[in-house]
Amino acid sequence: MVTYSPILKKQQSFFRTEKTKDLSFRIDALEKLRSKIKANEQPLMDALRTDLNKSEFDAYTTEIMIVLEEIKFTINHLQSWAKPRKVKTPITHIGSSSYIYPEPYGVTLIIAPWNYPFQLAVAPLIGAIAAGNCAVIKPSELTPTTSEVFAKLIPEIFPEEYIAVVQGGVETSQALLEEKFDYIFFTGSVPVGKVIMEAAAKNLTPVTLELGGKSPCIVHEDANLKLAAKRIAWGKFVNAGQTCVAPDYLYLHKGIKARFLQFFQKAIKELYGEKPLENQNFTRIVSERHFQRLCSFLDNGELLIGGNTNQERLIIEPTVLTEITWEHPIMQDEIFGPILPVLEYESIEDAIVGIDNHPKPLALYLFSESESIQKKVLNQITFGGGCINDTVYHLGSPHLPFGGVGTSGIGSYHGKGSFDTFSHEKSILKQTTRFDLPFRYPNLKDGLNKIKKFIK
Ligand code: NAD
């Protein structure tokens, strides 16, 4: 097996020079990254078109713009995030003061998936750089053109001893995991997340796991149905449903089901045309294997919308299946494609129980005008994050840490969340030498009583 210890050793010694801890070095690195991306928008959009048939609009908004904005936000706030913070000191520690020093972990490993192959390699890298770390990034092998562009751009701005890109598939990941990194940031599927955590456990390496799962989308009877239909259609079918936070399935209130689905059919037509298979801007399925996996769901329940496919171009048109139950194959795992199954409920409690009987979702979306319904769902269901009356948009806010809970992930990032994820918080108590309180020592006369009186 190939070994990556030479890269690791180089990065470890570069980290020891303390250059990466210098704030101006970090800001300079982020600026270089931003300029390099800006200068290469076209090659990146072309690569995303080749790998996934992403339209320029989608490639720019969901992969390039999002990281450019994240870099800008990080540069603007880095100085205040990186400063040691003075915190309170309890009366029992009189004479001392307390501080938290954020410090980088050291050499970090970032493993990225294929669905947003550029964004999901760069977004964690921004956090790693901001916090003062070195990084080895392994982009996905399933989007080779984008990974190739990425692997060409990074060495043009950073030496390998600081930031390195290692290309390859599962064996490469496994060889990297043999090394002792100081932090591992993984984005990908739940089963591989378990493999990563097991490998990390051998060295007690801390991890962030950005995973997936089935994210429900509830439409309650009082929702603005027309708007809900448009926002859900976009959130589900952008990137052909290959989005970790795409609504995985719809949970519709029985009373509005038929009306909502009419609006939904219209929304799909407005977004993707009468014949989505002929829309040259509809993202394709990443591989033949995933295409076949998705096609096997098309006979579940009743086909209401779509269902046409093009095997040669690996395109599946926006599809809606009704008469679905939890027992259908499509309800067993994350769908990760443009097929939307519909469940229905009579009372919101039934929907809550249905969702709660399954692993904790990465995202949840609720469409309802009622504050009490919103409160009920937020209070009763645990999930990574989500939106009320929208889909997917929470992911784009740098003020909202993004991540899962339970099987949908461990940890979070974006904005300050990324800086915090890639930083260890070192707690320091600075003690005075001007006096020395006698209470702390066991030889104080009547010490215990005095302490008890003091504590009361
Ligand atoms: P994946 O888990 O198959 O692969 C992710 C990465 O892990 C790739 O770089 C791959 O080479 C590597 N890998 C695969 N098998 C491995 C193994 N046995 N050992 C070590 N490394 C291995 O995921 P994917 O198919 O690329 O991406 C889709 C999944 O990612 C979906 O489940 C989706 O929900 C999830 N995802 C989550 C987020 C998030 O932010 N939470 C974002 C995007 C995708």
# chains A, B, ... in the order shown; residues from 1 in each chain; ligands from 1
>>> residues_around(residues="stretch 12-27 of chain A", least_positions_apart="5", cutoff="12 Å", atoms="only C-alpha atoms", output="PDB file with N, CA and C atoms, in the first residue's frame")
ATOM      1  N   SER A   5       3.128   8.886   4.676  1.00  0.00           N
ATOM      2  CA  SER A   5       3.868   9.485   5.798  1.00  0.00           C
ATOM      3  C   SER A   5       4.857  10.572   5.375  1.00  0.00           C
ATOM      4  N   PRO A   6       5.460  10.496   4.151  1.00  0.00           N
ATOM      5  CA  PRO A   6       6.348  11.621   3.799  1.00  0.00           C
ATOM      6  C   PRO A   6       5.610  12.975   3.777  1.00  0.00           C
ATOM      7  N   ILE A   7       4.387  13.003   3.216  1.00  0.00           N
ATOM      8  CA  ILE A   7       3.627  14.270   3.198  1.00  0.00           C
ATOM      9  C   ILE A   7       3.320  14.706   4.631  1.00  0.00           C
ATOM     10  N   LYS A  32      -5.329  34.344  -1.119  1.00  0.00           N
ATOM     11  CA  LYS A  32      -4.783  33.630  -2.289  1.00  0.00           C
ATOM     12  C   LYS A  32      -5.811  32.618  -2.809  1.00  0.00           C
ATOM     13  N   LEU A  33      -6.441  31.919  -1.880  1.00  0.00           N
ATOM     14  CA  LEU A  33      -7.423  30.905  -2.268  1.00  0.00           C
ATOM     15  C   LEU A  33      -8.585  31.575  -3.009  1.00  0.00           C
ATOM     16  N   ARG A  34      -9.024  32.722  -2.472  1.00  0.00           N
ATOM     17  CA  ARG A  34     -10.147  33.424  -3.087  1.00  0.00           C
ATOM     18  C   ARG A  34      -9.789  33.888  -4.505  1.00  0.00           C
ATOM     19  N   ILE A  71     -15.198  32.633   2.333  1.00  0.00           N
ATOM     20  CA  ILE A  71     -13.827  33.142   2.535  1.00  0.00           C
ATOM     21  C   ILE A  71     -13.887  34.612   2.969  1.00  0.00           C
ATOM     22  N   LYS A  72     -14.735  35.374   2.277  1.00  0.00           N
ATOM     23  CA  LYS A  72     -14.856  36.803   2.607  1.00  0.00           C
ATOM     24  C   LYS A  72     -15.301  36.965   4.071  1.00  0.00           C
ATOM     25  N   PHE A  73     -16.298  36.225   4.444  1.00  0.00           N
ATOM     26  CA  PHE A  73     -16.833  36.294   5.813  1.00  0.00           C
ATOM     27  C   PHE A  73     -15.743  35.931   6.834  1.00  0.00           C
ATOM     28  N   THR A  74     -14.981  34.891   6.497  1.00  0.00           N
ATOM     29  CA  THR A  74     -13.941  34.412   7.418  1.00  0.00           C
ATOM     30  C   THR A  74     -12.839  35.465   7.563  1.00  0.00           C
ATOM     31  N   ILE A  75     -12.399  36.030   6.440  1.00  0.00           N
ATOM     32  CA  ILE A  75     -11.340  37.050   6.510  1.00  0.00           C
ATOM     33  C   ILE A  75     -11.821  38.226   7.375  1.00  0.00           C
ATOM     34  N   ASN A  76     -13.079  38.626   7.180  1.00  0.00           N
ATOM     35  CA  ASN A  76     -13.600  39.779   7.932  1.00  0.00           C
ATOM     36  C   ASN A  76     -13.678  39.540   9.437  1.00  0.00           C
ATOM     37  N   HIS A  77     -13.820  38.300   9.842  1.00  0.00           N
ATOM     38  CA  HIS A  77     -14.029  38.036  11.274  1.00  0.00           C
ATOM     39  C   HIS A  77     -12.850  37.359  11.963  1.00  0.00           C
ATOM     40  N   LEU A  78     -11.862  36.940  11.166  1.00  0.00           N
ATOM     41  CA  LEU A  78     -10.831  36.064  11.736  1.00  0.00           C
ATOM     42  C   LEU A  78     -10.109  36.668  12.936  1.00  0.00           C
ATOM     43  N   GLN A  79      -9.789  37.948  12.820  1.00  0.00           N
ATOM     44  CA  GLN A  79      -9.050  38.569  13.915  1.00  0.00           C
ATOM     45  C   GLN A  79      -9.782  38.415  15.252  1.00  0.00           C
ATOM     46  N   SER A  80     -11.093  38.656  15.233  1.00  0.00           N
ATOM     47  CA  SER A  80     -11.821  38.570  16.512  1.00  0.00           C
ATOM     48  C   SER A  80     -11.993  37.107  16.954  1.00  0.00           C
ATOM     49  N   TRP A  81     -12.172  36.189  16.007  1.00  0.00           N
ATOM     50  CA  TRP A  81     -12.319  34.776  16.404  1.00  0.00           C
ATOM     51  C   TRP A  81     -11.026  34.229  17.013  1.00  0.00           C
ATOM     52  N   ALA A  82      -9.884  34.673  16.459  1.00  0.00           N
ATOM     53  CA  ALA A  82      -8.609  34.048  16.841  1.00  0.00           C
ATOM     54  C   ALA A  82      -8.046  34.615  18.144  1.00  0.00           C
ATOM     55  N   LYS A  83      -8.596  35.752  18.582  1.00  0.00           N
ATOM     56  CA  LYS A  83      -8.078  36.402  19.798  1.00  0.00           C
ATOM     57  C   LYS A  83      -8.305  35.539  21.034  1.00  0.00           C
ATOM     58  N   PRO A 102      -7.745  29.935  21.440  1.00  0.00           N
ATOM     59  CA  PRO A 102      -7.979  28.981  20.347  1.00  0.00           C
ATOM     60  C   PRO A 102      -6.644  28.643  19.685  1.00  0.00           C
ATOM     61  N   GLU A 103      -6.375  27.364  19.492  1.00  0.00           N
ATOM     62  CA  GLU A 103      -5.128  26.991  18.819  1.00  0.00           C
ATOM     63  C   GLU A 103      -5.409  25.914  17.778  1.00  0.00           C
ATOM     64  N   PRO A 104      -4.630  25.906  16.687  1.00  0.00           N
ATOM     65  CA  PRO A 104      -4.864  24.899  15.654  1.00  0.00           C
ATOM     66  C   PRO A 104      -4.501  23.507  16.157  1.00  0.00           C
ATOM     67  N   TYR A 105      -5.151  22.487  15.560  1.00  0.00           N
ATOM     68  CA  TYR A 105      -4.832  21.110  15.947  1.00  0.00           C
ATOM     69  C   TYR A 105      -3.467  20.685  15.419  1.00  0.00           C
ATOM     70  N   GLY A 106      -3.158  21.108  14.188  1.00  0.00           N
ATOM     71  CA  GLY A 106      -1.885  20.686  13.581  1.00  0.00           C
ATOM     72  C   GLY A 106      -2.105  20.275  12.144  1.00  0.00           C
ATOM     73  N   VAL A 107      -1.908  18.973  11.874  1.00  0.00           N
ATOM     74  CA  VAL A 107      -2.063  18.484  10.503  1.00  0.00           C
ATOM     75  C   VAL A 107      -3.423  17.795  10.379  1.00  0.00           C
ATOM     76  N   THR A 108      -4.254  18.306   9.486  1.00  0.00           N
ATOM     77  CA  THR A 108      -5.638  17.813   9.405  1.00  0.00           C
ATOM     78  C   THR A 108      -5.881  17.080   8.088  1.00  0.00           C
ATOM     79  N   LEU A 125     -11.674  23.341   4.063  1.00  0.00           N
ATOM     80  CA  LEU A 125     -10.306  23.869   3.965  1.00  0.00           C
ATOM     81  C   LEU A 125     -10.235  25.308   4.493  1.00  0.00           C
ATOM     82  N   ILE A 126     -11.287  26.082   4.237  1.00  0.00           N
ATOM     83  CA  ILE A 126     -11.317  27.470   4.723  1.00  0.00           C
ATOM     84  C   ILE A 126     -11.187  27.475   6.258  1.00  0.00           C
ATOM     85  N   GLY A 127     -11.932  26.569   6.901  1.00  0.00           N
ATOM     86  CA  GLY A 127     -11.864  26.478   8.366  1.00  0.00           C
ATOM     87  C   GLY A 127     -10.487  26.041   8.836  1.00  0.00           C
ATOM     88  N   ALA A 128      -9.912  25.064   8.126  1.00  0.00           N
ATOM     89  CA  ALA A 128      -8.598  24.540   8.524  1.00  0.00           C
ATOM     90  C   ALA A 128      -7.546  25.641   8.439  1.00  0.00           C
ATOM     91  N   ILE A 129      -7.574  26.404   7.345  1.00  0.00           N
ATOM     92  CA  ILE A 129      -6.602  27.493   7.162  1.00  0.00           C
ATOM     93  C   ILE A 129      -6.849  28.591   8.206  1.00  0.00           C
ATOM     94  N   ALA A 130      -8.116  28.978   8.350  1.00  0.00           N
ATOM     95  CA  ALA A 130      -8.448  30.069   9.280  1.00  0.00           C
ATOM     96  C   ALA A 130      -7.950  29.768  10.689  1.00  0.00           C
ATOM     97  N   ALA A 131      -8.064  28.504  11.089  1.00  0.00           N
ATOM     98  CA  ALA A 131      -7.667  28.149  12.452  1.00  0.00           C
ATOM     99  C   ALA A 131      -6.158  27.928  12.571  1.00  0.00           C
ATOM    100  N   GLY A 132      -5.444  27.943  11.437  1.00  0.00           N
ATOM    101  CA  GLY A 132      -3.979  27.852  11.501  1.00  0.00           C
ATOM    102  C   GLY A 132      -3.417  26.451  11.327  1.00  0.00           C
ATOM    103  N   ASN A 133      -4.162  25.580  10.679  1.00  0.00           N
ATOM    104  CA  ASN A 133      -3.699  24.197  10.483  1.00  0.00           C
ATOM    105  C   ASN A 133      -3.028  24.003   9.127  1.00  0.00           C
ATOM    106  N   CYS A 134      -2.353  22.860   8.992  1.00  0.00           N
ATOM    107  CA  CYS A 134      -1.967  22.341   7.682  1.00  0.00           C
ATOM    108  C   CYS A 134      -3.093  21.372   7.281  1.00  0.00           C
ATOM    109  N   ALA A 135      -3.174  21.045   5.988  1.00  0.00           N
ATOM    110  CA  ALA A 135      -4.253  20.136   5.576  1.00  0.00           C
ATOM    111  C   ALA A 135      -3.863  19.263   4.396  1.00  0.00           C
ATOM    112  N   VAL A 136      -4.333  18.018   4.471  1.00  0.00           N
ATOM    113  CA  VAL A 136      -4.276  17.117   3.321  1.00  0.00           C
ATOM    114  C   VAL A 136      -5.727  16.904   2.902  1.00  0.00           C
ATOM    115  N   PHE A 158      -0.223  27.015  -2.802  1.00  0.00           N
ATOM    116  CA  PHE A 158       0.293  26.552  -1.508  1.00  0.00           C
ATOM    117  C   PHE A 158       1.328  25.451  -1.699  1.00  0.00           C
ATOM    118  N   PRO A 159       2.417  25.481  -0.919  1.00  0.00           N
ATOM    119  CA  PRO A 159       3.361  24.358  -0.991  1.00  0.00           C
ATOM    120  C   PRO A 159       2.755  23.114  -0.319  1.00  0.00           C
ATOM    121  N   GLU A 160       3.210  21.962  -0.758  1.00  0.00           N
ATOM    122  CA  GLU A 160       2.664  20.704  -0.243  1.00  0.00           C
ATOM    123  C   GLU A 160       2.845  20.563   1.264  1.00  0.00           C
ATOM    124  N   GLU A 161       3.913  21.189   1.777  1.00  0.00           N
ATOM    125  CA  GLU A 161       4.166  21.076   3.232  1.00  0.00           C
ATOM    126  C   GLU A 161       3.097  21.826   4.039  1.00  0.00           C
ATOM    127  N   TYR A 162       2.292  22.657   3.342  1.00  0.00           N
ATOM    128  CA  TYR A 162       1.220  23.403   4.019  1.00  0.00           C
ATOM    129  C   TYR A 162      -0.153  22.793   3.673  1.00  0.00           C
ATOM    130  N   ILE A 163      -0.488  22.788   2.390  1.00  0.00           N
ATOM    131  CA  ILE A 163      -1.763  22.212   1.940  1.00  0.00           C
ATOM    132  C   ILE A 163      -1.452  21.247   0.791  1.00  0.00           C
ATOM    133  N   GLU A 179      -2.395   6.969   8.731  1.00  0.00           N
ATOM    134  CA  GLU A 179      -1.513   7.976   9.332  1.00  0.00           C
ATOM    135  C   GLU A 179      -2.180   8.608  10.557  1.00  0.00           C
ATOM    136  N   LYS A 180      -1.313   9.172  11.404  1.00  0.00           N
ATOM    137  CA  LYS A 180      -1.862   9.798  12.612  1.00  0.00           C
ATOM    138  C   LYS A 180      -2.042  11.308  12.382  1.00  0.00           C
ATOM    139  N   PHE A 181      -3.232  11.667  11.936  1.00  0.00           N
ATOM    140  CA  PHE A 181      -3.555  13.089  11.757  1.00  0.00           C
ATOM    141  C   PHE A 181      -3.975  13.680  13.107  1.00  0.00           C
ATOM    142  N   ASP A 182      -3.985  15.008  13.177  1.00  0.00           N
ATOM    143  CA  ASP A 182      -4.428  15.653  14.415  1.00  0.00           C
ATOM    144  C   ASP A 182      -5.929  15.926  14.404  1.00  0.00           C
ATOM    145  N   PHE A 419     -14.207  27.718  12.077  1.00  0.00           N
ATOM    146  CA  PHE A 419     -13.022  28.098  12.864  1.00  0.00           C
ATOM    147  C   PHE A 419     -12.994  27.287  14.156  1.00  0.00           C
ATOM    148  N   SER A 423     -10.270  24.308  15.648  1.00  0.00           N
ATOM    149  CA  SER A 423      -9.452  24.860  16.738  1.00  0.00           C
ATOM    150  C   SER A 423      -9.660  24.058  18.014  1.00  0.00           C
TER     151      SER A 423
END
>>> residues_near_ligand(ligand="ligand 1", cutoff="8 Å", atoms="only C-alpha atoms and all ligand atoms", output="ChimeraX atom specification")
/A:111-116,120,138-142,168-174,177,186-193,195-196,209-213,242-245,334,336,362,402-404,408-409
>>> select_by_dssp(residues="stretch 244-355 of chain A", states="alpha helix (DSSP H)", output="VMD selection string")
chain A and resid 257 to 272 288 to 295 348 to 355
>>> write_last_selection(atoms="C-alpha atoms", output="PDB file, in the first residue's frame")
ATOM      1  CA  LYS A 257     -52.345  16.526  -0.464  1.00  0.00           C
ATOM      2  CA  ALA A 258     -54.145  16.671  -3.815  1.00  0.00           C
ATOM      3  CA  ARG A 259     -54.032  20.466  -4.042  1.00  0.00           C
ATOM      4  CA  PHE A 260     -50.369  20.621  -3.076  1.00  0.00           C
ATOM      5  CA  LEU A 261     -49.395  18.012  -5.660  1.00  0.00           C
ATOM      6  CA  GLN A 262     -51.094  20.037  -8.398  1.00  0.00           C
ATOM      7  CA  PHE A 263     -49.022  23.074  -7.435  1.00  0.00           C
ATOM      8  CA  PHE A 264     -45.968  20.832  -7.254  1.00  0.00           C
ATOM      9  CA  GLN A 265     -46.472  19.511 -10.783  1.00  0.00           C
ATOM     10  CA  LYS A 266     -46.735  23.108 -12.011  1.00  0.00           C
ATOM     11  CA  ALA A 267     -43.631  24.159 -10.098  1.00  0.00           C
ATOM     12  CA  ILE A 268     -41.598  21.347 -11.702  1.00  0.00           C
ATOM     13  CA  LYS A 269     -42.755  22.422 -15.156  1.00  0.00           C
ATOM     14  CA  GLU A 270     -41.862  26.044 -14.446  1.00  0.00           C
ATOM     15  CA  LEU A 271     -38.401  25.137 -13.190  1.00  0.00           C
ATOM     16  CA  TYR A 272     -37.400  22.403 -15.656  1.00  0.00           C
ATOM     17  CA  GLU A 288     -24.290   4.027 -13.715  1.00  0.00           C
ATOM     18  CA  ARG A 289     -24.451   2.228 -10.363  1.00  0.00           C
ATOM     19  CA  HIS A 290     -26.348   5.088  -8.705  1.00  0.00           C
ATOM     20  CA  PHE A 291     -28.548   5.451 -11.814  1.00  0.00           C
ATOM     21  CA  GLN A 292     -29.556   1.765 -11.591  1.00  0.00           C
ATOM     22  CA  ARG A 293     -30.083   2.006  -7.828  1.00  0.00           C
ATOM     23  CA  LEU A 294     -32.451   4.950  -8.322  1.00  0.00           C
ATOM     24  CA  CYS A 295     -34.318   3.351 -11.246  1.00  0.00           C
ATOM     25  CA  ILE A 348     -49.137  16.463  13.124  1.00  0.00           C
ATOM     26  CA  GLU A 349     -48.521  14.064  16.027  1.00  0.00           C
ATOM     27  CA  ASP A 350     -48.650  11.127  13.570  1.00  0.00           C
ATOM     28  CA  ALA A 351     -45.988  12.760  11.389  1.00  0.00           C
ATOM     29  CA  ILE A 352     -43.823  13.475  14.442  1.00  0.00           C
ATOM     30  CA  VAL A 353     -44.053   9.842  15.589  1.00  0.00           C
ATOM     31  CA  GLY A 354     -43.333   8.586  12.047  1.00  0.00           C
ATOM     32  CA  ILE A 355     -40.174  10.687  11.802  1.00  0.00           C
TER      33      ILE A 355
END
>>> residues_around(residues="stretch 304-310 of chain A", least_positions_apart="2", cutoff="7 Å", atoms="only C-alpha atoms", output="VMD selection string")
chain A and resid 265 298 302 312 to 322
>>> residues_around(residues="A:Glu369", least_positions_apart="6", cutoff="8 Å", atoms="only C-alpha atoms", output="mmCIF file with all heavy atoms, in the first residue's frame")
data_model
loop_
_atom_site.group_PDB
_atom_site.id
_atom_site.type_symbol
_atom_site.label_atom_id
_atom_site.label_comp_id
_atom_site.auth_asym_id
_atom_site.auth_seq_id
_atom_site.Cartn_x
_atom_site.Cartn_y
_atom_site.Cartn_z
ATOM 1 N N ASP A 222 -52.100 24.287 6.869
ATOM 2 C CA ASP A 222 -52.216 25.746 6.799
ATOM 3 C C ASP A 222 -51.086 26.391 5.998
ATOM 4 O O ASP A 222 -50.915 27.612 6.026
ATOM 5 C CB ASP A 222 -52.233 26.335 8.219
ATOM 6 C CG ASP A 222 -50.927 26.067 8.938
ATOM 7 O OD1 ASP A 222 -50.177 25.160 8.501
ATOM 8 O OD2 ASP A 222 -50.640 26.752 9.926
ATOM 9 N N ALA A 223 -50.286 25.591 5.304
ATOM 10 C CA ALA A 223 -49.120 26.153 4.606
ATOM 11 C C ALA A 223 -49.532 26.964 3.387
ATOM 12 O O ALA A 223 -50.604 26.761 2.816
ATOM 13 C CB ALA A 223 -48.191 25.022 4.167
ATOM 14 N N ASN A 224 -48.653 27.866 2.977
ATOM 15 C CA ASN A 224 -48.816 28.568 1.698
ATOM 16 C C ASN A 224 -48.393 27.568 0.622
ATOM 17 O O ASN A 224 -47.199 27.390 0.323
ATOM 18 C CB ASN A 224 -47.916 29.816 1.693
ATOM 19 C CG ASN A 224 -47.972 30.556 0.372
ATOM 20 O OD1 ASN A 224 -48.275 29.972 -0.673
ATOM 21 N ND2 ASN A 224 -47.688 31.837 0.410
#
>>> select_by_dssp(residues="stretch 132-289 of chain A", states="strand (DSSP E)", output="list in words")
Cys134, Ala135, Val136, Ile137, Lys138, Ile163, Ala164, Val165, Tyr183, Ile184, Phe185, Phe186, Thr187, Val207, Thr208, Leu209, Glu210, Pro216, Cys217, Ile218, Val219, Tyr249, Leu250, Tyr251, Leu252 and His253 of chain A
>>> residues_around(residues="A:Ser368", least_positions_apart="2", cutoff="8 Å", atoms="only C-alpha atoms", output="compact mmCIF listing (two decimals) with all heavy atoms, in the first residue's frame")
# COMPACT_ATOMS: atom_id res chain seq x y z
N VAL A 219 -45.52 19.24 4.99
CA VAL A 219 -46.37 20.35 4.53
C VAL A 219 -47.70 20.24 5.29
O VAL A 219 -48.46 19.28 5.10
CB VAL A 219 -46.62 20.31 3.01
CG1 VAL A 219 -47.42 21.55 2.58
CG2 VAL A 219 -45.29 20.25 2.24
N HIS A 220 -47.91 21.22 6.18
CA HIS A 220 -49.10 21.17 7.02
C HIS A 220 -50.29 21.81 6.30
O HIS A 220 -50.12 22.52 5.30
CB HIS A 220 -48.81 21.87 8.35
CG HIS A 220 -49.78 21.49 9.41
ND1 HIS A 220 -50.02 20.19 9.76
CD2 HIS A 220 -50.59 22.27 10.20
CE1 HIS A 220 -50.95 20.16 10.71
NE2 HIS A 220 -51.30 21.41 10.99
N GLU A 221 -51.47 21.57 6.84
CA GLU A 221 -52.69 22.01 6.13
C GLU A 221 -52.79 23.52 5.97
O GLU A 221 -53.47 24.01 5.08
CB GLU A 221 -53.94 21.47 6.84
CG GLU A 221 -54.04 21.89 8.29
CD GLU A 221 -55.24 21.29 8.99
OE1 GLU A 221 -56.21 20.91 8.30
OE2 GLU A 221 -55.21 21.18 10.23
N ASP A 222 -52.10 24.29 6.87
CA ASP A 222 -52.22 25.75 6.80
C ASP A 222 -51.09 26.39 6.00
O ASP A 222 -50.91 27.61 6.03
CB ASP A 222 -52.23 26.33 8.22
CG ASP A 222 -50.93 26.07 8.94
OD1 ASP A 222 -50.18 25.16 8.50
OD2 ASP A 222 -50.64 26.75 9.93
N ALA A 223 -50.29 25.59 5.30
CA ALA A 223 -49.12 26.15 4.61
C ALA A 223 -49.53 26.96 3.39
O ALA A 223 -50.60 26.76 2.82
CB ALA A 223 -48.19 25.02 4.17
N ASN A 224 -48.65 27.87 2.98
CA ASN A 224 -48.82 28.57 1.70
C ASN A 224 -48.39 27.57 0.62
O ASN A 224 -47.20 27.39 0.32
CB ASN A 224 -47.92 29.82 1.69
CG ASN A 224 -47.97 30.56 0.37
OD1 ASN A 224 -48.28 29.97 -0.67
ND2 ASN A 224 -47.69 31.84 0.41
N LEU A 366 -40.31 22.28 7.51
CA LEU A 366 -41.72 22.34 7.87
C LEU A 366 -42.35 23.54 7.18
O LEU A 366 -41.82 24.67 7.28
CB LEU A 366 -41.86 22.49 9.39
CG LEU A 366 -43.27 22.85 9.88
CD1 LEU A 366 -44.25 21.70 9.62
CD2 LEU A 366 -43.25 23.19 11.36
N SER A 370 -48.47 28.25 11.27
CA SER A 370 -48.85 28.25 12.69
C SER A 370 -47.62 28.16 13.60
O SER A 370 -46.83 27.22 13.53
CB SER A 370 -49.78 27.05 12.95
OG SER A 370 -49.64 26.61 14.27
N GLU A 371 -47.52 29.17 14.50
CA GLU A 371 -46.40 29.20 15.45
C GLU A 371 -46.41 27.95 16.33
O GLU A 371 -45.37 27.41 16.66
CB GLU A 371 -46.53 30.42 16.37
CG GLU A 371 -46.32 31.73 15.66
CD GLU A 371 -44.91 32.27 15.85
OE1 GLU A 371 -44.26 31.84 16.80
OE2 GLU A 371 -44.48 33.10 15.03
N ILE A 373 -47.61 24.94 15.70
CA ILE A 373 -47.15 23.74 14.97
C ILE A 373 -45.63 23.79 14.81
O ILE A 373 -44.93 22.79 15.02
CB ILE A 373 -47.84 23.64 13.58
CG1 ILE A 373 -49.34 23.42 13.72
CG2 ILE A 373 -47.21 22.58 12.70
CD1 ILE A 373 -49.75 22.04 14.18
N GLN A 374 -45.12 24.96 14.48
CA GLN A 374 -43.66 25.11 14.32
C GLN A 374 -42.96 24.74 15.63
O GLN A 374 -41.97 24.00 15.62
CB GLN A 374 -43.32 26.56 13.95
CG GLN A 374 -43.88 26.98 12.60
CD GLN A 374 -43.64 28.46 12.28
OE1 GLN A 374 -42.96 29.16 13.02
NE2 GLN A 374 -44.20 28.93 11.19
N ILE A 388 -37.96 26.58 8.36
CA ILE A 388 -39.41 26.70 8.42
C ILE A 388 -39.81 27.46 7.16
O ILE A 388 -39.27 28.55 6.91
CB ILE A 388 -39.86 27.53 9.66
CG1 ILE A 388 -39.27 26.96 10.95
CG2 ILE A 388 -41.37 27.68 9.72
CD1 ILE A 388 -39.93 25.76 11.52
N ASN A 389 -40.70 26.90 6.39
CA ASN A 389 -41.19 27.52 5.15
C ASN A 389 -40.10 27.73 4.09
O ASN A 389 -40.16 28.69 3.31
CB ASN A 389 -41.92 28.85 5.44
CG ASN A 389 -43.21 28.59 6.20
OD1 ASN A 389 -43.89 27.59 5.93
ND2 ASN A 389 -43.52 29.45 7.14
>>> atom_distance(atom1="atom CA of A:Tyr4", atom2="atom CA of A:Ala175")
7.0 Å
>>> closest_residue(among="A:Lys10, A:Lys54, A:Lys38, A:His328", to="A:Arg284", atoms="only C-alpha atoms")
A:Lys54
>>> residues_around(residues="A:Tyr345", least_positions_apart="6", cutoff="8 Å", atoms="only C-alpha atoms", output="list in words")
Tyr251, Leu252, His253, Lys254 and Ala351 of chain A
>>> write_last_selection(atoms="N, CA, C and O atoms", output="compact mmCIF listing (two decimals), in the first residue's frame")
# COMPACT_ATOMS: atom_id res chain seq x y z
N TYR A 251 -43.96 14.68 3.65
CA TYR A 251 -44.99 14.23 4.59
C TYR A 251 -46.12 15.25 4.43
O TYR A 251 -46.00 16.39 4.88
N LEU A 252 -47.20 14.88 3.74
CA LEU A 252 -48.27 15.83 3.43
C LEU A 252 -49.50 15.62 4.30
O LEU A 252 -49.92 14.47 4.51
N HIS A 253 -50.06 16.74 4.76
CA HIS A 253 -51.34 16.63 5.48
C HIS A 253 -52.41 16.15 4.49
O HIS A 253 -52.49 16.66 3.36
N LYS A 254 -53.18 15.17 4.94
CA LYS A 254 -54.18 14.54 4.07
C LYS A 254 -55.08 15.56 3.36
O LYS A 254 -55.37 15.43 2.16
N ALA A 351 -47.21 12.50 12.17
CA ALA A 351 -45.99 12.76 11.39
C ALA A 351 -44.79 12.77 12.32
O ALA A 351 -43.73 12.20 11.99
